[in-house]
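File shown: entry30.txt (compact mmCIF, C-alpha atoms).
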```
# COMPACT_ATOMS: atom_id res chain seq x y z
CA MET A 1 0.00 0.00 0.00
CA THR A 2 1.34 3.39 -1.01
CA THR A 3 0.92 6.16 1.54
CA ASN A 4 0.24 9.79 0.74
CA ASP A 5 3.72 10.63 2.11
CA THR A 6 5.29 8.22 -0.41
CA LEU A 7 3.30 9.74 -3.26
CA GLU A 8 4.38 13.25 -2.28
CA ARG A 9 8.01 12.12 -1.89
CA ASN A 10 7.93 10.54 -5.36
CA LYS A 11 6.54 13.75 -6.89
CA ALA A 12 9.30 15.73 -5.14
CA ILE A 13 11.98 13.35 -6.51
CA TYR A 14 10.78 13.96 -10.05
CA ARG A 15 10.58 17.73 -9.51
CA ARG A 16 14.16 17.67 -8.19
CA TYR A 17 15.27 15.65 -11.23
CA ILE A 18 13.78 18.22 -13.62
CA GLN A 19 14.98 21.26 -11.66
CA GLN A 20 18.53 20.07 -11.03
CA VAL A 21 19.35 17.93 -14.07
CA PHE A 22 17.52 19.66 -16.91
CA ASN A 23 17.10 23.24 -15.69
CA LYS A 24 20.51 23.55 -14.00
CA GLY A 25 22.45 20.98 -16.04
CA ARG A 26 23.49 18.99 -12.96
CA VAL A 27 24.08 15.69 -14.77
CA ASP A 28 26.41 14.76 -11.90
CA LEU A 29 23.24 13.98 -9.91
CA LEU A 30 22.03 11.30 -12.33
CA ASP A 31 23.72 8.45 -10.46
CA GLU A 32 21.83 9.54 -7.33
CA LEU A 33 18.46 10.13 -9.00
CA LEU A 34 18.34 7.26 -11.52
CA SER A 35 18.39 3.56 -10.75
CA PRO A 36 21.36 1.68 -12.27
CA SER A 37 18.73 -0.26 -14.26
CA TYR A 38 16.99 2.92 -15.51
CA VAL A 39 15.14 2.55 -18.84
CA TYR A 40 14.11 5.47 -21.06
CA HIS A 41 11.22 3.86 -22.92
CA GLU A 42 10.60 5.15 -26.44
CA ALA A 43 13.84 7.16 -26.41
CA PRO A 44 14.72 9.04 -29.59
CA PRO A 45 16.72 6.95 -32.10
CA GLY A 46 20.41 6.90 -31.26
CA THR A 47 19.89 7.65 -27.57
CA LEU A 48 22.32 5.72 -25.39
CA PRO A 49 20.83 3.42 -22.73
CA GLY A 50 20.51 4.33 -19.05
CA ALA A 51 21.86 7.48 -17.44
CA GLU A 52 24.18 8.07 -20.41
CA GLY A 53 21.13 8.61 -22.62
CA ILE A 54 19.80 11.27 -20.26
CA ARG A 55 23.23 12.95 -20.18
CA GLN A 56 23.09 12.97 -23.99
CA VAL A 57 19.56 14.48 -24.09
CA VAL A 58 20.34 17.12 -21.45
CA SER A 59 23.55 18.09 -23.26
CA MET A 60 21.77 18.36 -26.62
CA PHE A 61 18.91 20.50 -25.28
CA ARG A 62 21.07 22.75 -23.08
CA ALA A 63 23.48 23.37 -25.99
CA ALA A 64 20.56 24.42 -28.21
CA PHE A 65 18.69 26.27 -25.44
CA PRO A 66 21.19 27.57 -22.83
CA ASP A 67 18.32 29.18 -20.89
CA LEU A 68 16.30 25.94 -20.90
CA GLU A 69 13.54 25.98 -18.28
CA ILE A 70 11.08 23.16 -17.72
CA THR A 71 8.06 24.06 -15.63
CA ILE A 72 5.95 21.29 -14.15
CA ASP A 73 2.37 22.41 -14.63
CA ASP A 74 0.58 19.42 -13.04
CA GLN A 75 1.51 16.20 -11.25
CA ILE A 76 -0.47 13.10 -10.37
CA ALA A 77 0.94 10.15 -8.46
CA GLU A 78 -0.42 6.66 -7.95
CA GLY A 79 1.43 3.61 -6.71
CA ASP A 80 5.07 3.89 -7.77
CA GLN A 81 4.34 6.16 -10.75
CA VAL A 82 4.28 9.93 -11.19
CA CYS A 83 2.72 11.62 -14.20
CA SER A 84 3.74 15.20 -14.93
CA ARG A 85 2.47 17.69 -17.51
CA ALA A 86 5.19 20.21 -18.28
CA THR A 87 6.16 23.13 -20.49
CA THR A 88 9.72 23.44 -21.77
CA CYS A 89 10.84 26.94 -22.78
CA GLY A 90 14.06 28.39 -24.08
CA THR A 91 15.80 30.61 -26.60
CA HIS A 92 17.10 28.71 -29.63
CA GLN A 93 20.81 29.63 -29.59
CA GLY A 94 22.40 26.44 -30.92
CA GLU A 95 21.71 23.75 -33.50
CA ILE A 96 19.16 21.05 -32.71
CA PHE A 97 17.64 18.44 -35.04
CA GLY A 98 19.85 19.87 -37.79
CA ILE A 99 18.21 23.30 -37.45
CA PRO A 100 20.70 26.15 -36.87
CA ALA A 101 20.05 28.72 -34.15
CA THR A 102 17.11 31.00 -34.92
CA GLY A 103 17.05 33.15 -31.79
CA ASN A 104 13.39 32.19 -31.36
CA VAL A 105 11.93 31.82 -27.90
CA VAL A 106 10.01 28.55 -28.02
CA ALA A 107 7.69 26.54 -25.81
CA MET A 108 7.09 22.80 -26.00
CA THR A 109 4.43 20.97 -24.02
CA GLY A 110 4.78 17.41 -22.86
CA MET A 111 3.78 14.65 -20.50
CA THR A 112 6.02 12.19 -18.69
CA ILE A 113 5.35 9.15 -16.56
CA VAL A 114 8.15 7.93 -14.32
CA ARG A 115 8.34 4.91 -12.06
CA ILE A 116 10.15 5.48 -8.77
CA VAL A 117 11.38 2.61 -6.63
CA ASP A 118 13.41 3.06 -3.43
CA GLY A 119 13.77 6.79 -4.08
CA ARG A 120 15.20 6.47 -7.61
CA ILE A 121 13.68 6.74 -11.07
CA THR A 122 13.69 3.32 -12.73
CA ASP A 123 11.68 4.03 -15.89
CA SER A 124 10.39 6.98 -17.87
CA TRP A 125 7.95 7.41 -20.72
CA VAL A 126 8.20 10.86 -22.32
CA LYS A 127 5.78 12.36 -24.84
CA ASN A 128 6.78 15.87 -25.89
CA ASP A 129 5.31 17.90 -28.75
CA VAL A 130 8.56 17.73 -30.73
CA MET A 131 6.77 18.48 -34.01
CA GLY A 132 5.38 21.66 -32.46
CA LEU A 133 8.91 22.59 -31.40
CA ILE A 134 10.30 21.89 -34.88
CA ASN A 135 7.54 23.97 -36.43
CA GLN A 136 8.49 26.90 -34.15
CA LEU A 137 12.15 26.52 -35.14
CA ASN A 138 11.48 26.12 -38.86
CA ALA A 139 9.15 29.14 -38.81
CA GLY A 140 12.05 31.16 -37.45
CA SER A 141 14.55 29.85 -39.97
CA ALA A 142 12.15 30.28 -42.91
CA SER A 143 11.69 33.96 -42.13
CA ARG A 144 15.45 34.64 -42.10
```
Take the structure in the file and write it out as structure tokens.
Amino acid sequence: MTTNDTLERNKAIYRRYIQQVFNKGRVDLLDELLSPSYVYHEAPPGTLPGAEGIRQVVSMFRAAFPDLEITIDDQIAEGDQVCSRATTCGTHQGEIFGIPATGNVVAMTGMTIVRIVDGRITDSWVKNDVMGLINQLNAGSASR
């Protein structure tokens, strides 16, 4: 049986993961926050397995959007899972997906489910509106 305290703790673990790793670039915390058996389900093609894949994703996004900021808009927790609806914002200052910097300020919505066991994230399923992001970037590059 999952207690309300456990659900709140799990939500806080995910918020810390987003705030520290993605927003602040603290990939040094991945070994603490992710289980050694962590699986990024449905990862983009070419993403390395485990924590290395997250390091790769964080590096790619922070290079393209140095002011990257993910805001968690809503969270729901049940059992060992946390679902979060989030908005990712940033200024496109470096290449991403083959698109050179446009200087556009963009926003991408998304939803993620993570499983947390013994205080560490073991699995994640991420669904971001990447096509919406690409459209915002291509709109900027087309007008140049």
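Using all atoms listed in the file, the smallest distance between any of A:Ala101, A:Val21, A:Met131, A:Ala86 and Ile70 (chain A) comes from A:Ala86.
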> Can you find the residues with an atom no farther than 9 Å from (17.0, 5.3, -16.0), counting all atoms listed in the file, and report them as a list of chain:residue names?
Replying inline: A:Leu30, A:Leu33, A:Leu34, A:Ser35, A:Pro36, A:Ser37, A:Tyr38, A:Val39, A:Tyr40, A:Pro49, A:Gly50, A:Ala51, A:Glu52, A:Gly53, A:Ile54, A:Arg120, A:Ile121, A:Thr122, A:Asp123, A:Ser124
>> Between A:Met60, A:Met108, A:Val114, A:Ile96, which residue has the minimum interatomic distance to Ile18 (chain A), considering all atoms listed in the file?
In response: A:Val114
> If you measure from CA of Val126 (chain A) to CA of Gln93 (chain A), what distance in Å do you get, rounded to one decimal?
Replying inline: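 The value is 23.8 Å.
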> Please, what distance in Å, to one decimal, runs between CA of Ile76 (chain A) and CA of Thr91 (chain A)?
Replying inline: 28.9 Å
> Hey, which of A:Ala43, A:Cys83, A:Leu48, A:Val105 ends up closest to Pro66 (chain A)? Count only C-alpha atoms.
Replying inline: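 Of all the options, A:Val105 lies closest to Pro66 (chain A).
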> Looking at A:Val58, A:Ile134, A:Ile116, A:Ala64, which one is nearest to Gly79 (chain A), with distances taken over all atoms listed in the file?
Replying inline: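 For Gly79 (chain A), the nearest of the given residues is A:Ile116.
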